[in-house]
Structure formats: C-alpha cells, structure tokens
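What follows is a single structure, written as structure tokens, with notes after it.
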Amino acid sequence: MNQSSGNKPVIHVRMFGGFTITMDEKAMCDSDNRSRKAWSLLSYLIIKRRGDVSINELFHAIWQDGVQDNPYGALKTLVFRVRKMLEAAGFPSQDLILSQKGAYMWNPAWETEVDTDRFESLCRRILDPELDGKNMWEACLEAFELYRGIFLPRSAEESWVGPNGCLLSHIIPEAGCLYGGRTDPG
C-alpha cells in the first residue's frame with residue numbers, strides 16, 4: 001500500500017487513454033456505465049486540485065450549453081452523485097470533495113498522483129540540455145510507459161479537455177525529437 005506522509009493512502013489517477021482512479025485495492029474507471037457528467041466533474045476537480053473551483057466555473061465546464069433551470073441545484077445534485085459513486089467504490093467520498101463558500105475543491109490533504117503531471121515533468125526533464133544520456137533514456141522509458149493514449153478520450157468533446165490535451169500533445173513530439181538525436185546509453 002502506498003502511504004502519503006499523513007498515513008492516508010495515495011490516490012493514483014490515470015487520464016491517458018481513459019480515466020481511472022485507484023487507492024489501495026479500490027478502483028473506478030470511466031468505462032463503467034456511469035454518467036458522463038459525473039466523470040467530467042470528478043476529472044475537472046482533480047485537474048484543478050491545487051485550488052478551489054467556483055460554482056460558476058464548474059457549472060460552465062460541465063454544462064457547456066449553459067442551459068439549466070436551476071444551475072446551483074443541478075451542480076449540487078451532480079456533486080452528490082459523484083460522492084455516492086466514490087463511496088460505492090470504497091473511497092472516502094465526503095473527505096475527497098470539499099465544498100466551501102461558493103466553490104468545490106479536491107481535498108489537498110489527500111496526496112493525489114496524476115499520470116499527466118508525472119508525464120509532463122518527465123518531458124520537461126527530457127528537454128533539459130544538461131541531462132545526460134542515461135538519465136534521459138530512463139526518463140523517456142518512464143514517459144512512454146505512462147502514455148497510454150489520448151488525454152481523457154471519453155471527455156474529448158468537453159471544451160476544457162482540449163487545451164489540456166493540446167499542451168500535452170505538444171510536449172510529446174518535442175521531447176521525442178530531442179531524444180531521437182541522442183544515442184541509447186546501453
């Protein structure tokens with residue numbers, strides 16, 4: 001079991017090739033037959049986990065057409081459904097998604113490791129001209145292992161997914177081309 005410094009299990013999130021969230025032996029995947037909006041809300045909160053997300057921002061990210069008779073009520077109901085979804089999978093749902101002063105947030109007290117963050121860090125490392133061949137090779141192997149397909153493929157039509165996926169897609173060829181000019185250290 002991976003433990004964070006606060007003795008809470010580490011939450012692992014995969015966004016390449018699909019959306020999966022795991023903690024210890026518990027797992028949830030967006031290929032499960034659940035509401036697409038629920039998965040969008042969960043993935044959006046995790047992507048924006050370094051701060052709170054206003055109700056207005058969250059509503060417009062999830063309901064892109066902006067049409068809803070009671071936006072606050074619809075969002076509150078969706079958050080309730082996401083918490084129930086997390087709870088059914090064995091996650092501490094009430095502790096993971098916090099609400100405060102007109103905003104929601106992913107609880108920063110839970111260490112959350114996201115594949116796209118690690119991937120971006122590895123690609124930036126690969127682009128470092130000071131990195132030696134052996135370390136670059138190791139970083140490339142780890143990055144290629146992390147990349148399992150496009151960013152959040154089941155949410156690709158969401159307006160907020162495009163910019164995040166685009167950033168990642170620009171890093172891949174840049175890092176790959178740079179690595180292509182170096183030789184295998186082994």
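Just remember, in the structure tokens the first chain shown is A, the second B, etc., residues are 1-based per chain, and ligands are 1-based in the order shown.
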Legend entry - DSSP strand (DSSP E) residues within chain A, as a list in words: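 Put together, the selection reads Ile11, His12, Val13, Arg14, Thr20, Ile21, Thr22, Met23, Lys26, Ala27, Met28, Cys29, Val53, Ser54, Ile97, Leu98, Ser99, Gln100, Ala103, Tyr104, Met105, Trp106, Thr112, Glu113 and Val114 of chain A.
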Output file for the selection above: N, CA, C and O atoms, as an mmCIF file, in the first residue's frame:
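Once written, out-v9.cif looks like this:
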```
data_model
loop_
_atom_site.group_PDB
_atom_site.id
_atom_site.type_symbol
_atom_site.label_atom_id
_atom_site.label_comp_id
_atom_site.auth_asym_id
_atom_site.auth_seq_id
_atom_site.Cartn_x
_atom_site.Cartn_y
_atom_site.Cartn_z
ATOM 1 N N ILE A 11 -3.713 8.502 -3.641
ATOM 2 C CA ILE A 11 -4.699 8.301 -4.703
ATOM 3 C C ILE A 11 -3.967 8.442 -6.032
ATOM 4 O O ILE A 11 -3.261 9.430 -6.255
ATOM 5 N N HIS A 12 -4.107 7.449 -6.879
ATOM 6 C CA HIS A 12 -3.468 7.462 -8.199
ATOM 7 C C HIS A 12 -4.547 7.695 -9.254
ATOM 8 O O HIS A 12 -5.593 7.038 -9.232
ATOM 9 N N VAL A 13 -4.260 8.609 -10.165
ATOM 10 C CA VAL A 13 -5.212 8.942 -11.216
ATOM 11 C C VAL A 13 -4.534 8.784 -12.565
ATOM 12 O O VAL A 13 -3.418 9.259 -12.771
ATOM 13 N N ARG A 14 -5.217 8.090 -13.459
ATOM 14 C CA ARG A 14 -4.728 7.942 -14.836
ATOM 15 C C ARG A 14 -5.705 8.660 -15.759
ATOM 16 O O ARG A 14 -6.914 8.414 -15.688
ATOM 17 N N THR A 20 -9.072 6.668 -14.771
ATOM 18 C CA THR A 20 -9.125 5.667 -13.708
ATOM 19 C C THR A 20 -8.579 6.296 -12.441
ATOM 20 O O THR A 20 -7.576 7.006 -12.477
ATOM 21 N N ILE A 21 -9.251 6.019 -11.348
ATOM 22 C CA ILE A 21 -8.803 6.497 -10.045
ATOM 23 C C ILE A 21 -8.668 5.287 -9.133
ATOM 24 O O ILE A 21 -9.574 4.447 -9.080
ATOM 25 N N THR A 22 -7.519 5.144 -8.480
ATOM 26 C CA THR A 22 -7.278 3.997 -7.601
ATOM 27 C C THR A 22 -6.713 4.471 -6.263
ATOM 28 O O THR A 22 -6.039 5.492 -6.182
ATOM 29 N N MET A 23 -7.011 3.671 -5.255
ATOM 30 C CA MET A 23 -6.490 3.895 -3.917
ATOM 31 C C MET A 23 -6.457 2.527 -3.248
ATOM 32 O O MET A 23 -7.500 1.884 -3.113
ATOM 33 N N LYS A 26 -8.885 -0.325 -4.237
ATOM 34 C CA LYS A 26 -10.130 0.236 -4.761
ATOM 35 C C LYS A 26 -9.847 0.918 -6.093
ATOM 36 O O LYS A 26 -8.822 1.558 -6.254
ATOM 37 N N ALA A 27 -10.790 0.786 -7.024
ATOM 38 C CA ALA A 27 -10.597 1.427 -8.331
ATOM 39 C C ALA A 27 -11.935 1.787 -8.954
ATOM 40 O O ALA A 27 -12.945 1.117 -8.737
ATOM 41 N N MET A 28 -11.912 2.861 -9.727
ATOM 42 C CA MET A 28 -13.056 3.293 -10.535
ATOM 43 C C MET A 28 -12.525 3.682 -11.904
ATOM 44 O O MET A 28 -11.438 4.243 -12.009
ATOM 45 N N CYS A 29 -13.314 3.401 -12.918
ATOM 46 C CA CYS A 29 -12.879 3.679 -14.284
ATOM 47 C C CYS A 29 -14.031 4.286 -15.073
ATOM 48 O O CYS A 29 -15.186 3.887 -14.892
ATOM 49 N N VAL A 53 -12.661 25.636 -7.017
ATOM 50 C CA VAL A 53 -13.286 25.917 -8.307
ATOM 51 C C VAL A 53 -14.655 26.518 -8.019
ATOM 52 O O VAL A 53 -15.489 25.881 -7.350
ATOM 53 N N SER A 54 -14.883 27.712 -8.493
ATOM 54 C CA SER A 54 -16.165 28.376 -8.224
ATOM 55 C C SER A 54 -17.310 27.575 -8.833
ATOM 56 O O SER A 54 -17.140 26.852 -9.823
ATOM 57 N N ILE A 97 -14.106 15.413 -1.799
ATOM 58 C CA ILE A 97 -14.650 16.603 -2.461
ATOM 59 C C ILE A 97 -15.203 17.521 -1.377
ATOM 60 O O ILE A 97 -16.134 17.173 -0.675
ATOM 61 N N LEU A 98 -14.584 18.686 -1.275
ATOM 62 C CA LEU A 98 -14.979 19.656 -0.265
ATOM 63 C C LEU A 98 -15.797 20.771 -0.896
ATOM 64 O O LEU A 98 -15.590 21.119 -2.063
ATOM 65 N N SER A 99 -16.707 21.319 -0.129
ATOM 66 C CA SER A 99 -17.458 22.491 -0.592
ATOM 67 C C SER A 99 -17.297 23.588 0.446
ATOM 68 O O SER A 99 -17.327 23.326 1.649
ATOM 69 N N GLN A 100 -17.070 24.799 -0.057
ATOM 70 C CA GLN A 100 -16.898 25.940 0.845
ATOM 71 C C GLN A 100 -17.105 27.248 0.100
ATOM 72 O O GLN A 100 -16.619 27.412 -1.015
ATOM 73 N N ALA A 103 -17.810 27.357 -3.694
ATOM 74 C CA ALA A 103 -16.830 26.638 -4.518
ATOM 75 C C ALA A 103 -16.715 25.189 -4.055
ATOM 76 O O ALA A 103 -17.102 24.832 -2.944
ATOM 77 N N TYR A 104 -16.182 24.376 -4.943
ATOM 78 C CA TYR A 104 -15.856 22.981 -4.635
ATOM 79 C C TYR A 104 -14.368 22.803 -4.869
ATOM 80 O O TYR A 104 -13.754 23.549 -5.626
ATOM 81 N N MET A 105 -13.812 21.795 -4.212
ATOM 82 C CA MET A 105 -12.405 21.505 -4.451
ATOM 83 C C MET A 105 -12.092 20.059 -4.096
ATOM 84 O O MET A 105 -12.771 19.435 -3.282
ATOM 85 N N TRP A 106 -11.057 19.532 -4.758
ATOM 86 C CA TRP A 106 -10.488 18.230 -4.410
ATOM 87 C C TRP A 106 -9.648 18.472 -3.164
ATOM 88 O O TRP A 106 -8.836 19.405 -3.136
ATOM 89 N N THR A 112 -2.423 13.097 -4.191
ATOM 90 C CA THR A 112 -3.008 12.606 -5.441
ATOM 91 C C THR A 112 -1.940 12.665 -6.523
ATOM 92 O O THR A 112 -1.444 13.743 -6.850
ATOM 93 N N GLU A 113 -1.582 11.513 -7.053
ATOM 94 C CA GLU A 113 -0.590 11.424 -8.125
ATOM 95 C C GLU A 113 -1.315 11.187 -9.443
ATOM 96 O O GLU A 113 -2.054 10.215 -9.577
ATOM 97 N N VAL A 114 -1.078 12.096 -10.392
ATOM 98 C CA VAL A 114 -1.768 12.046 -11.682
ATOM 99 C C VAL A 114 -0.741 11.762 -12.772
ATOM 100 O O VAL A 114 0.317 12.397 -12.817
#
```
Legend entry - Neighbour list for Lys37 of chain A as a PyMOL selection string, cut-off 9 Å, only C-alpha atoms, skip fewer than 4 positions in-chain: chain A and resi 41-42+62-63+78
Print the selection's residues with all heavy atoms to a file, as a PDB file, in the first residue's frame.
```pdb
ATOM      1  N   LEU A  41     -17.143  16.014 -13.952  1.00  0.00           N
ATOM      2  CA  LEU A  41     -16.984  16.764 -12.705  1.00  0.00           C
ATOM      3  C   LEU A  41     -15.790  16.253 -11.909  1.00  0.00           C
ATOM      4  O   LEU A  41     -14.944  17.038 -11.460  1.00  0.00           O
ATOM      5  CB  LEU A  41     -18.260  16.655 -11.865  1.00  0.00           C
ATOM      6  CG  LEU A  41     -18.163  17.252 -10.461  1.00  0.00           C
ATOM      7  CD1 LEU A  41     -18.216  18.765 -10.522  1.00  0.00           C
ATOM      8  CD2 LEU A  41     -19.256  16.721  -9.577  1.00  0.00           C
ATOM      9  N   LEU A  42     -15.696  14.956 -11.760  1.00  0.00           N
ATOM     10  CA  LEU A  42     -14.602  14.362 -10.989  1.00  0.00           C
ATOM     11  C   LEU A  42     -13.244  14.675 -11.624  1.00  0.00           C
ATOM     12  O   LEU A  42     -12.318  15.112 -10.941  1.00  0.00           O
ATOM     13  CB  LEU A  42     -14.810  12.842 -10.867  1.00  0.00           C
ATOM     14  CG  LEU A  42     -13.805  12.086 -10.024  1.00  0.00           C
ATOM     15  CD1 LEU A  42     -13.733  12.630  -8.606  1.00  0.00           C
ATOM     16  CD2 LEU A  42     -14.185  10.593  -9.997  1.00  0.00           C
ATOM     17  N   ILE A  62     -19.096  21.884 -17.012  1.00  0.00           N
ATOM     18  CA  ILE A  62     -19.882  20.651 -17.127  1.00  0.00           C
ATOM     19  C   ILE A  62     -21.081  20.828 -18.061  1.00  0.00           C
ATOM     20  O   ILE A  62     -21.370  19.952 -18.864  1.00  0.00           O
ATOM     21  CB  ILE A  62     -20.359  20.175 -15.730  1.00  0.00           C
ATOM     22  CG1 ILE A  62     -19.177  20.044 -14.757  1.00  0.00           C
ATOM     23  CG2 ILE A  62     -21.137  18.863 -15.835  1.00  0.00           C
ATOM     24  CD1 ILE A  62     -18.049  19.148 -15.210  1.00  0.00           C
ATOM     25  N   TRP A  63     -21.781  21.929 -17.957  1.00  0.00           N
ATOM     26  CA  TRP A  63     -22.926  22.213 -18.832  1.00  0.00           C
ATOM     27  C   TRP A  63     -22.504  23.309 -19.791  1.00  0.00           C
ATOM     28  O   TRP A  63     -22.779  24.493 -19.572  1.00  0.00           O
ATOM     29  CB  TRP A  63     -24.139  22.649 -18.010  1.00  0.00           C
ATOM     30  CG  TRP A  63     -24.791  21.517 -17.291  1.00  0.00           C
ATOM     31  CD1 TRP A  63     -25.707  20.649 -17.802  1.00  0.00           C
ATOM     32  CD2 TRP A  63     -24.568  21.130 -15.924  1.00  0.00           C
ATOM     33  NE1 TRP A  63     -26.064  19.738 -16.828  1.00  0.00           N
ATOM     34  CE2 TRP A  63     -25.387  20.001 -15.672  1.00  0.00           C
ATOM     35  CE3 TRP A  63     -23.766  21.606 -14.903  1.00  0.00           C
ATOM     36  CZ2 TRP A  63     -25.411  19.361 -14.438  1.00  0.00           C
ATOM     37  CZ3 TRP A  63     -23.788  20.976 -13.672  1.00  0.00           C
ATOM     38  CH2 TRP A  63     -24.612  19.875 -13.450  1.00  0.00           C
ATOM     39  N   LEU A  78     -25.284  16.830  -8.839  1.00  0.00           N
ATOM     40  CA  LEU A  78     -24.205  16.097  -9.505  1.00  0.00           C
ATOM     41  C   LEU A  78     -23.067  15.799  -8.525  1.00  0.00           C
ATOM     42  O   LEU A  78     -22.516  14.688  -8.528  1.00  0.00           O
ATOM     43  CB  LEU A  78     -23.678  16.877 -10.718  1.00  0.00           C
ATOM     44  CG  LEU A  78     -22.639  16.154 -11.572  1.00  0.00           C
ATOM     45  CD1 LEU A  78     -23.182  14.841 -12.129  1.00  0.00           C
ATOM     46  CD2 LEU A  78     -22.179  17.059 -12.709  1.00  0.00           C
TER      47      LEU A  78
END
```
Legend entry - Pairwise distance for atom CA of Ile46 of chain A and atom CA of Asp32 of chain A, rounded to one decimal in Å: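 Going from atom CA of Ile46 of chain A over to atom CA of Asp32 of chain A covers 18.5 Å.
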Inset, instruction - Excluding segment 119-122 of chain A and any residue of its chain fewer than 4 positions from it, enumerate the residues within 9 Å of it, using only C-alpha atoms, and give them as a PyMOL selection string. - result: chain A and resi 114-115+126-127+136+139-140+142-144+146-147+168+171-172
Legend entry - One-decimal distance in Å that lies between atom CA of Trp110 of chain A and atom CA of Arg124 of chain A: 25.4 Å
